[in-house]
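Engineer: Next comes the structure file data.txt, holding compact mmCIF, C-alpha atoms.
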# COMPACT_ATOMS: atom_id res chain seq x y z
CA MET T 291 -55.49 11.50 -3.25
CA ILE T 292 -54.01 8.64 -5.29
CA VAL T 293 -50.29 7.86 -4.94
CA ILE T 294 -48.45 6.26 -7.86
CA THR T 295 -45.14 4.51 -7.32
CA ALA T 296 -42.76 3.76 -10.22
CA PRO T 297 -44.43 6.45 -12.40
CA THR T 298 -41.73 6.37 -15.08
CA GLY T 299 -41.83 2.59 -15.68
CA GLN T 300 -43.72 0.73 -18.38
CA ILE T 301 -46.86 0.30 -16.30
CA GLY T 302 -46.65 3.34 -14.05
CA SER T 303 -46.14 5.82 -16.87
CA ARG T 304 -49.19 4.53 -18.73
CA LEU T 305 -51.21 4.54 -15.53
CA LEU T 306 -50.19 8.12 -14.78
CA HIS T 307 -51.42 9.30 -18.19
CA LEU T 308 -54.73 7.49 -17.71
CA LEU T 309 -55.26 9.03 -14.28
CA LEU T 310 -54.30 12.51 -15.45
CA ASP T 311 -57.12 12.22 -17.97
CA ARG T 312 -59.71 10.73 -15.64
CA ALA T 313 -58.95 11.63 -12.02
CA PRO T 314 -59.70 15.39 -12.04
CA ALA T 315 -63.31 14.82 -13.08
CA ARG T 316 -63.71 12.62 -10.00
CA GLY T 317 -62.13 15.15 -7.67
CA GLU T 318 -58.99 13.06 -7.23
CA GLU T 319 -55.52 14.55 -6.77
CA LEU T 320 -52.41 12.67 -7.85
CA ARG T 321 -49.07 12.23 -6.11
CA VAL T 322 -46.07 10.37 -7.51
CA VAL T 323 -42.99 8.91 -5.84
CA VAL T 324 -39.97 9.16 -8.13
CA ARG T 325 -36.22 9.03 -7.61
CA ASP T 326 -35.50 11.60 -10.31
CA PRO T 327 -38.30 14.12 -10.96
CA ALA T 328 -36.48 15.23 -14.14
CA ARG T 329 -37.62 11.97 -15.75
CA LEU T 330 -41.19 13.27 -15.63
CA PRO T 331 -42.13 15.52 -18.57
CA ASP T 332 -42.59 19.16 -17.56
CA ASP T 333 -46.30 19.18 -18.39
CA ILE T 334 -46.87 16.18 -16.14
CA ARG T 335 -44.65 17.37 -13.29
CA SER T 336 -46.70 20.54 -13.00
CA ARG T 337 -49.94 18.57 -12.59
CA VAL T 338 -48.95 16.19 -9.79
CA ASP T 339 -47.56 16.39 -6.29
CA VAL T 340 -44.01 14.98 -6.45
CA VAL T 341 -42.30 13.16 -3.59
CA THR T 342 -38.64 12.63 -4.43
CA GLY T 343 -36.89 9.43 -3.42
CA SER T 344 -37.23 5.65 -3.41
CA HIS T 345 -40.55 4.15 -2.38
CA GLY T 346 -38.49 1.54 -0.53
CA ASP T 347 -37.34 4.24 1.92
CA ALA T 348 -39.32 4.62 5.15
CA GLU T 349 -39.10 8.42 5.31
CA VAL T 350 -40.15 8.77 1.67
CA VAL T 351 -43.25 6.57 1.91
CA ASP T 352 -44.20 8.21 5.20
CA ARG T 353 -44.37 11.55 3.38
CA ALA T 354 -45.97 10.06 0.27
CA PHE T 355 -48.78 8.20 2.03
CA ALA T 356 -49.82 11.06 4.34
CA GLY T 357 -53.35 11.99 3.33
CA ALA T 358 -53.50 9.27 0.66
CA HIS T 359 -56.70 7.35 -0.02
CA ALA T 360 -55.28 4.87 -2.54
CA VAL T 361 -51.83 3.68 -3.63
CA PHE T 362 -50.54 1.98 -6.76
CA TRP T 363 -47.69 -0.29 -5.64
CA LEU T 364 -44.95 -1.82 -7.77
CA ALA T 365 -41.73 -3.28 -6.37
CA PRO T 366 -39.07 -2.53 -9.02
CA PRO T 367 -36.75 -5.28 -10.30
CA ASP T 368 -33.24 -5.28 -8.91
CA LEU T 369 -30.82 -7.74 -10.50
CA ARG T 370 -28.05 -6.81 -8.08
CA ALA T 371 -30.07 -7.25 -4.90
CA PRO T 372 -28.39 -9.49 -2.31
CA SER T 373 -31.47 -11.70 -1.99
CA LEU T 374 -34.91 -12.23 -3.42
CA GLU T 375 -36.45 -11.29 -0.07
CA SER T 376 -34.80 -7.88 -0.28
CA VAL T 377 -36.37 -7.23 -3.72
CA TYR T 378 -39.95 -7.82 -2.59
CA LEU T 379 -40.39 -8.10 1.18
CA ASP T 380 -37.62 -5.87 2.55
CA PHE T 381 -38.43 -3.23 -0.07
CA THR T 382 -42.14 -3.31 0.81
CA ARG T 383 -41.93 -3.40 4.64
CA PRO T 384 -41.53 0.38 5.09
CA ALA T 385 -44.54 0.94 2.83
CA ALA T 386 -46.61 -1.60 4.78
CA LYS T 387 -45.93 0.30 8.00
CA ALA T 388 -46.77 3.62 6.37
CA LEU T 389 -50.01 2.26 4.90
CA ALA T 390 -51.18 1.27 8.39
CA ALA T 391 -49.90 4.43 10.07
CA HIS T 392 -51.72 6.73 7.66
CA GLY T 393 -54.88 4.68 7.33
CA VAL T 394 -54.66 4.29 3.57
CA GLY T 395 -57.86 2.64 2.40
CA HIS T 396 -57.03 0.92 -0.90
CA VAL T 397 -53.90 -0.48 -2.55
CA VAL T 398 -53.52 -1.94 -6.05
CA GLY T 399 -50.27 -3.86 -6.58
CA VAL T 400 -48.55 -5.53 -9.50
CA SER T 401 -48.05 -9.23 -8.82
CA ALA T 402 -48.22 -12.54 -10.66
CA LEU T 403 -50.40 -15.52 -11.45
CA GLY T 404 -49.83 -18.75 -9.58
CA ARG T 405 -51.48 -18.47 -6.17
CA GLY T 406 -53.20 -21.70 -5.19
CA THR T 407 -51.31 -23.84 -7.70
CA PRO T 408 -48.92 -26.66 -6.71
CA LEU T 409 -46.10 -24.56 -8.22
CA ALA T 410 -46.69 -21.42 -6.17
CA GLY T 411 -44.14 -22.31 -3.50
CA ARG T 412 -41.27 -22.99 -5.90
CA ALA T 413 -41.66 -20.34 -8.57
CA GLY T 414 -38.85 -17.98 -7.64
CA GLN T 415 -39.84 -14.38 -8.28
CA VAL T 416 -43.52 -15.29 -8.39
CA THR T 417 -43.30 -16.92 -4.97
CA ALA T 418 -41.71 -13.77 -3.60
CA SER T 419 -44.33 -11.51 -5.18
CA LEU T 420 -47.11 -13.57 -3.60
CA ALA T 421 -45.42 -13.15 -0.21
CA MET T 422 -45.34 -9.40 -0.88
CA ASP T 423 -49.09 -9.48 -1.51
CA ASP T 424 -49.62 -11.21 1.83
CA LEU T 425 -47.52 -8.57 3.60
CA ILE T 426 -49.56 -5.71 2.13
CA ALA T 427 -52.85 -7.48 2.86
CA SER T 428 -51.79 -7.98 6.49
CA THR T 429 -51.91 -4.20 7.05
CA GLY T 430 -55.70 -4.21 6.86
CA VAL T 431 -56.01 -2.20 3.64
CA ALA T 432 -58.40 -3.23 0.90
CA TYR T 433 -55.94 -4.82 -1.53
CA ARG T 434 -56.11 -6.08 -5.09
CA ALA T 435 -53.12 -7.86 -6.57
CA LEU T 436 -52.96 -7.57 -10.34
CA ALA T 437 -52.04 -11.20 -10.97
CA CYS T 438 -50.24 -10.90 -14.29
CA THR T 439 -48.95 -13.40 -16.78
CA THR T 440 -45.83 -12.74 -18.90
CA PHE T 441 -45.70 -9.25 -20.41
CA MET T 442 -45.73 -8.83 -24.19
CA ASP T 443 -43.58 -5.75 -23.56
CA ASN T 444 -40.68 -7.93 -22.36
CA LEU T 445 -39.94 -8.46 -26.06
CA LEU T 446 -38.89 -4.82 -26.38
CA GLY T 447 -35.61 -5.82 -24.76
CA GLN T 448 -34.96 -7.97 -27.85
CA ALA T 449 -35.89 -5.33 -30.44
CA GLY T 450 -32.26 -5.10 -31.58
CA SER T 451 -31.94 -8.85 -32.11
CA ILE T 452 -35.28 -8.97 -33.93
CA ARG T 453 -34.20 -6.10 -36.18
CA ASP T 454 -30.62 -7.22 -36.85
CA ASP T 455 -30.89 -11.01 -36.83
CA GLY T 456 -34.60 -11.82 -37.10
CA VAL T 457 -34.36 -13.80 -33.86
CA PHE T 458 -35.95 -13.69 -30.42
CA THR T 459 -35.24 -16.07 -27.57
CA GLY T 460 -37.00 -17.62 -24.61
CA THR T 461 -37.01 -20.70 -22.43
CA LEU T 462 -40.39 -22.30 -23.22
CA ALA T 463 -40.84 -25.05 -25.77
CA ALA T 464 -41.56 -23.54 -29.18
CA ASP T 465 -45.02 -25.10 -29.43
CA LEU T 466 -46.16 -24.50 -25.83
CA LYS T 467 -49.10 -22.10 -25.80
CA ALA T 468 -49.23 -19.64 -22.89
CA PRO T 469 -51.01 -16.40 -22.04
CA LEU T 470 -49.45 -12.96 -22.65
CA VAL T 471 -50.62 -9.56 -21.46
CA ALA T 472 -49.76 -6.03 -22.60
CA THR T 473 -48.63 -3.54 -19.96
CA ARG T 474 -51.20 -1.06 -21.32
CA ASP T 475 -53.93 -3.47 -20.22
CA ILE T 476 -52.36 -3.78 -16.76
CA ALA T 477 -52.38 0.01 -16.45
CA GLU T 478 -56.01 0.12 -17.57
CA ALA T 479 -57.00 -2.43 -14.93
CA ALA T 480 -55.11 -0.51 -12.24
CA ALA T 481 -56.78 2.77 -13.22
CA GLY T 482 -60.23 1.23 -12.97
CA LEU T 483 -59.59 -0.14 -9.49
CA LEU T 484 -57.99 3.06 -8.21
CA LEU T 485 -60.79 5.31 -9.42
CA ASP T 486 -63.73 3.10 -8.41
CA ARG T 487 -62.90 2.11 -4.85
CA SER T 488 -66.20 0.44 -4.04
CA TRP T 489 -64.39 -2.90 -3.61
CA THR T 490 -63.38 -4.21 -0.20
CA GLY T 491 -61.24 -6.94 1.33
CA THR T 492 -58.27 -8.61 -0.31
CA GLY T 493 -58.03 -10.59 -3.51
CA GLU T 494 -56.57 -10.93 -6.97
CA ALA T 495 -57.47 -9.44 -10.32
CA PRO T 496 -56.00 -11.89 -12.88
CA LEU T 497 -54.76 -10.47 -16.18
CA LEU T 498 -54.29 -13.12 -18.87
CA GLY T 499 -54.43 -11.22 -22.15
CA PRO T 500 -56.92 -12.21 -24.87
CA GLU T 501 -55.22 -15.36 -26.21
CA ASP T 502 -52.71 -18.12 -25.57
CA LEU T 503 -49.80 -18.16 -28.00
CA SER T 504 -46.73 -20.32 -28.48
CA ALA T 505 -43.33 -18.91 -29.40
CA ASP T 506 -43.89 -20.23 -32.91
CA ASP T 507 -47.22 -18.38 -33.04
CA MET T 508 -45.49 -15.20 -31.91
CA ALA T 509 -42.76 -15.62 -34.55
CA ARG T 510 -45.43 -15.97 -37.25
CA VAL T 511 -47.26 -12.84 -36.13
CA MET T 512 -44.05 -10.82 -35.85
CA SER T 513 -42.97 -11.98 -39.31
CA GLU T 514 -46.28 -10.87 -40.80
CA VAL T 515 -46.31 -7.50 -39.06
CA LEU T 516 -42.66 -6.68 -39.73
CA GLY T 517 -42.70 -8.04 -43.28
CA ARG T 518 -39.59 -10.14 -42.73
CA PRO T 519 -38.83 -13.57 -41.27
CA VAL T 520 -38.56 -13.78 -37.49
CA ARG T 521 -37.72 -17.05 -35.77
CA TYR T 522 -37.56 -18.31 -32.22
CA GLU T 523 -34.51 -19.82 -30.55
CA ARG T 524 -34.99 -21.69 -27.30
CA GLN T 525 -32.42 -21.06 -24.58
CA SER T 526 -31.47 -23.53 -21.89
CA LEU T 527 -32.12 -22.56 -18.29
CA GLU T 528 -28.40 -22.78 -17.64
CA ALA T 529 -27.72 -20.31 -20.44
CA VAL T 530 -30.27 -17.93 -18.97
CA ARG T 531 -28.70 -18.23 -15.52
CA ALA T 532 -25.23 -17.61 -16.94
CA GLY T 533 -26.48 -14.57 -18.85
CA LEU T 534 -28.00 -13.04 -15.75
CA LEU T 535 -24.84 -13.63 -13.72
CA ALA T 536 -22.78 -12.03 -16.50
CA ARG T 537 -25.01 -8.94 -16.24
CA GLY T 538 -24.24 -8.65 -12.55
CA ALA T 539 -27.20 -10.47 -11.03
CA GLY T 540 -26.73 -12.09 -7.65
CA HIS T 541 -26.85 -15.87 -7.53
CA GLU T 542 -30.13 -15.97 -5.60
CA VAL T 543 -31.86 -13.53 -7.92
CA ALA T 544 -30.61 -15.38 -11.01
CA GLN T 545 -31.80 -18.71 -9.59
CA ALA T 546 -35.19 -17.16 -8.77
CA TYR T 547 -35.66 -16.14 -12.38
CA VAL T 548 -34.75 -19.64 -13.53
CA ASP T 549 -37.19 -21.14 -11.03
CA MET T 550 -39.92 -18.82 -12.30
CA VAL T 551 -39.52 -19.68 -15.98
CA ARG T 552 -39.28 -23.39 -15.13
CA ALA T 553 -42.58 -23.11 -13.23
CA LYS T 554 -44.15 -21.36 -16.21
CA GLU T 555 -43.03 -24.25 -18.41
CA GLU T 556 -44.79 -26.59 -15.98
CA GLY T 557 -48.07 -24.66 -16.12
CA LEU T 558 -47.83 -21.95 -13.45
CA ASP T 559 -49.94 -19.50 -15.49
CA GLY T 560 -52.60 -22.04 -16.43
CA GLY T 561 -54.60 -22.11 -13.22
CA VAL T 562 -57.08 -19.33 -14.05
CA PRO T 563 -59.67 -19.64 -16.84
CA ARG T 564 -59.91 -16.74 -19.29
CA THR T 565 -63.04 -14.59 -18.98
CA PRO T 566 -64.09 -11.25 -20.51
CA ALA T 567 -63.12 -9.60 -17.21
CA ASN T 568 -59.49 -10.79 -17.24
CA ALA T 569 -58.73 -11.04 -20.96
CA GLY T 570 -57.76 -7.43 -21.63
CA ARG T 571 -58.13 -5.71 -24.99
CA THR T 572 -54.73 -5.84 -26.65
CA THR T 573 -54.02 -8.79 -28.93
CA PHE T 574 -50.44 -9.74 -29.67
CA ARG T 575 -50.85 -8.67 -33.30
CA GLN T 576 -52.14 -5.27 -32.24
CA TRP T 577 -49.27 -4.89 -29.79
CA CYS T 578 -46.75 -5.79 -32.50
CA GLU T 579 -48.26 -3.23 -34.87
CA GLU T 580 -48.48 -0.42 -32.35
CA VAL T 581 -45.51 -1.03 -30.03
CA LEU T 582 -42.98 -3.55 -31.34
CA GLU T 583 -42.83 -2.43 -34.97
CA PRO T 584 -42.01 1.21 -34.13
CA ALA T 585 -39.35 0.02 -31.69
CA VAL T 586 -37.77 -2.27 -34.29
CA ARG T 587 -38.00 0.30 -37.10
CA GLY T 588 -36.72 3.08 -34.87
Before anything else, please render the file you have as structure tokens.

Structural biologist:
Amino acid sequence: MIVITAPTGQIGSRLLHLLLDRAPARGEELRVVVRDPARLPDDIRSRVDVVTGSHGDAEVVDRAFAGAHAVFWLAPPDLRAPSLESVYLDFTRPAAKALAAHGVGHVVGVSALGRGTPLAGRAGQVTASLAMDDLIASTGVAYRALACTTFMDNLLGQAGSIRDDGVFTGTLAADLKAPLVATRDIAEAAAGLLLDRSWTGTGEAPLLGPEDLSADDMARVMSEVLGRPVRYERQSLEAVRAGLLARGAGHEVAQAYVDMVRAKEEGLDGGVPRTPANAGRTTFRQWCEEVLEPAVRG
């Protein structure tokens, strides 16, 4: 039995489709934890065991983890949370207790790059996600943290601006090259670990994507794929903070995001060398052709 949390999100939904294709041949059953089962397509809902509720709720995870052999864990973002600790640690504590109580053997969680770097302790959301990893590992499960860099898919939130104005924004210097990973590659890595549970102990599985790109590089690729000029505008950290507060974010959560992007500017994601094992398959150009362009055209 494999339990999937956040099965309707960008990563969880892709992971669910991969496991529906591959798990039955291995004798694996699937269970999902979802607040609103109606968000699952009918053909999927009929093929999985559904536990309704939040996976931050103690009663829900107690039911979900009973009889489970492996769990995919993702703490969902919450702009309006009262504190950063509540987003990652408080949300995960009920699950940690349930993992130990039910003797779950393996957990794969979505986390971030940065562990072991001088920036790890002052990287806002990344710092909190690393503390979440430590909490899960403390339960005694075999744990792999998918240590991810920035998602290519974050650009989907700017599809309207790219379509209407030919502009996307960010906080990094325009010429600073940094790694990017597609959520489809994160889901693929999670599926592999959940289905082949020969691994033991705790550790990280870094996911860097196949190349480092600057914002100017990304603008060039997007321009070529979309057939129209796309340019990058750099935002100040203060503008980012103000934008988050205007959207209802709490001050601590907004500051944590600012601290994270500042740490990325200072090299947070540069501590792991790229290898065939952590590079993934999806290039930024391929992602633009297959994901961004339909979103912009649509």

Engineer: Which residues come within 6 Å of range 564-581 of chain T, counting all atoms listed in the file, excluding same-chain residues fewer than 4 positions away, as a ChimeraX atom specification?

Structural biologist: /T:475,496-500

Engineer: Under the rule that all atoms listed in the file are counted, which of T:Thr407, T:Ser344, T:Thr298, T:Ser336 is the nearest residue to Lys554 in chain T?

Structural biologist: T:Thr407

Engineer: Show me the residues close to (-51.0, -15.0, -13.8) - anything with an atom within 10 Å, counting all atoms listed in the file - and format the list as a PyMOL selection string.

Structural biologist: chain T and resi 401-405+416+436-440+469-471+494-499+554+558-562

Engineer: Save out the residues we just selected, C-alpha atoms, as a JSON list (two decimals), in the coordinates of the input.

Structural biologist:
[["chain", "number", "residue", "atom", "x", "y", "z"],
["T", 401, "SER", "CA", -48.05, -9.23, -8.82],
["T", 402, "ALA", "CA", -48.22, -12.54, -10.66],
["T", 403, "LEU", "CA", -50.40, -15.52, -11.45],
["T", 404, "GLY", "CA", -49.83, -18.75, -9.58],
["T", 405, "ARG", "CA", -51.48, -18.47, -6.17],
["T", 416, "VAL", "CA", -43.52, -15.29, -8.39],
["T", 436, "LEU", "CA", -52.96, -7.57, -10.34],
["T", 437, "ALA", "CA", -52.04, -11.20, -10.97],
["T", 438, "CYS", "CA", -50.24, -10.90, -14.29],
["T", 439, "THR", "CA", -48.95, -13.40, -16.78],
["T", 440, "THR", "CA", -45.83, -12.74, -18.90],
["T", 469, "PRO", "CA", -51.01, -16.40, -22.04],
["T", 470, "LEU", "CA", -49.45, -12.96, -22.65],
["T", 471, "VAL", "CA", -50.62, -9.56, -21.46],
["T", 494, "GLU", "CA", -56.57, -10.93, -6.97],
["T", 495, "ALA", "CA", -57.47, -9.44, -10.32],
["T", 496, "PRO", "CA", -56.00, -11.89, -12.88],
["T", 497, "LEU", "CA", -54.76, -10.47, -16.18],
["T", 498, "LEU", "CA", -54.29, -13.12, -18.87],
["T", 499, "GLY", "CA", -54.43, -11.22, -22.15],
["T", 554, "LYS", "CA", -44.15, -21.36, -16.21],
["T", 558, "LEU", "CA", -47.83, -21.95, -13.45],
["T", 559, "ASP", "CA", -49.94, -19.50, -15.49],
["T", 560, "GLY", "CA", -52.60, -22.04, -16.43],
["T", 561, "GLY", "CA", -54.60, -22.11, -13.22],
["T", 562, "VAL", "CA", -57.08, -19.33, -14.05]]

Engineer: Compare T:Thr459, T:Ser373, T:Gln300, T:Thr492 by their minimum atom-to-atom distance to Gly414 in chain T, counting only C-alpha atoms, and give me the closest one.

Structural biologist: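 Answer, going by the shortest atom-to-atom distance: T:Ser373.
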
Engineer: Taking all atoms listed in the file into account, name the residue in T:Pro372, T:Gly411, T:Gly399, T:Gly317 that is nearest to Leu485 in chain T.

Structural biologist: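 Counting all atoms listed in the file, the residue closest to Leu485 in chain T is T:Gly317.
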
Engineer: One decimal, Å: what's the distance from CA of Ile476 in chain T over to CA of Val400 in chain T, could you say?

Structural biologist: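 Distance between the two atoms: 8.4 Å.
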
Engineer: Neighbouring residues of Val397 in chain T were defined as those with any atom within 8 Å, considering all atoms listed in the file; residues of the same chain fewer than 4 positions away were excluded. Please report them as a count of residues only.

Structural biologist: 9

Engineer: I'd like the interatomic distance between CA of Arg587 in chain T and CA of Gly517 in chain T, to a tenth of an Å.

Structural biologist: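 So the answer is 11.4 Å.
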
Engineer: Could you add N, CA, C and O atoms to range 456-472 of chain T and give me the result as a compact mmCIF listing (two decimals), in the coordinates of the input?

Structural biologist:
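See out-v6.txt below for the written result:
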# COMPACT_ATOMS: atom_id res chain seq x y z
N GLY T 456 -33.34 -11.12 -36.91
CA GLY T 456 -34.60 -11.82 -37.10
C GLY T 456 -34.81 -12.94 -36.11
O GLY T 456 -35.42 -13.95 -36.43
N VAL T 457 -34.33 -12.73 -34.87
CA VAL T 457 -34.36 -13.80 -33.86
C VAL T 457 -34.83 -13.22 -32.52
O VAL T 457 -34.44 -12.12 -32.14
N PHE T 458 -35.69 -13.97 -31.83
CA PHE T 458 -35.95 -13.69 -30.42
C PHE T 458 -35.81 -15.00 -29.66
O PHE T 458 -35.94 -16.09 -30.23
N THR T 459 -35.52 -14.89 -28.37
CA THR T 459 -35.24 -16.07 -27.57
C THR T 459 -36.18 -16.17 -26.38
O THR T 459 -36.83 -15.20 -25.99
N GLY T 460 -36.23 -17.35 -25.81
CA GLY T 460 -37.00 -17.62 -24.61
C GLY T 460 -36.65 -18.99 -24.10
O GLY T 460 -35.78 -19.68 -24.66
N THR T 461 -37.33 -19.41 -23.04
CA THR T 461 -37.01 -20.70 -22.43
C THR T 461 -38.09 -21.75 -22.64
O THR T 461 -37.86 -22.93 -22.41
N LEU T 462 -39.30 -21.34 -23.05
CA LEU T 462 -40.39 -22.30 -23.22
C LEU T 462 -40.24 -23.08 -24.51
O LEU T 462 -39.62 -22.61 -25.47
N ALA T 463 -40.81 -24.27 -24.54
CA ALA T 463 -40.84 -25.05 -25.77
C ALA T 463 -41.53 -24.24 -26.86
O ALA T 463 -42.49 -23.50 -26.59
N ALA T 464 -41.08 -24.39 -28.09
CA ALA T 464 -41.56 -23.54 -29.18
C ALA T 464 -43.05 -23.70 -29.45
O ALA T 464 -43.69 -22.77 -29.95
N ASP T 465 -43.60 -24.86 -29.13
CA ASP T 465 -45.02 -25.10 -29.43
C ASP T 465 -45.92 -25.01 -28.20
O ASP T 465 -47.12 -25.31 -28.29
N LEU T 466 -45.38 -24.59 -27.06
CA LEU T 466 -46.16 -24.50 -25.83
C LEU T 466 -46.95 -23.20 -25.81
O LEU T 466 -46.38 -22.11 -25.78
N LYS T 467 -48.26 -23.30 -25.82
CA LYS T 467 -49.10 -22.10 -25.80
C LYS T 467 -49.24 -21.59 -24.36
O LYS T 467 -49.45 -22.38 -23.43
N ALA T 468 -49.15 -20.26 -24.21
CA ALA T 468 -49.23 -19.64 -22.89
C ALA T 468 -49.83 -18.25 -23.03
O ALA T 468 -49.77 -17.64 -24.10
N PRO T 469 -50.42 -17.73 -21.96
CA PRO T 469 -51.01 -16.40 -22.04
C PRO T 469 -49.95 -15.30 -22.04
O PRO T 469 -48.84 -15.48 -21.54
N LEU T 470 -50.30 -14.16 -22.62
CA LEU T 470 -49.45 -12.96 -22.65
C LEU T 470 -50.35 -11.76 -22.43
O LEU T 470 -51.47 -11.71 -22.94
N VAL T 471 -49.84 -10.76 -21.70
CA VAL T 471 -50.62 -9.56 -21.46
C VAL T 471 -49.79 -8.32 -21.78
O VAL T 471 -48.57 -8.31 -21.57
N ALA T 472 -50.43 -7.30 -22.31
CA ALA T 472 -49.76 -6.03 -22.60
C ALA T 472 -49.77 -5.14 -21.36
O ALA T 472 -50.77 -5.10 -20.63
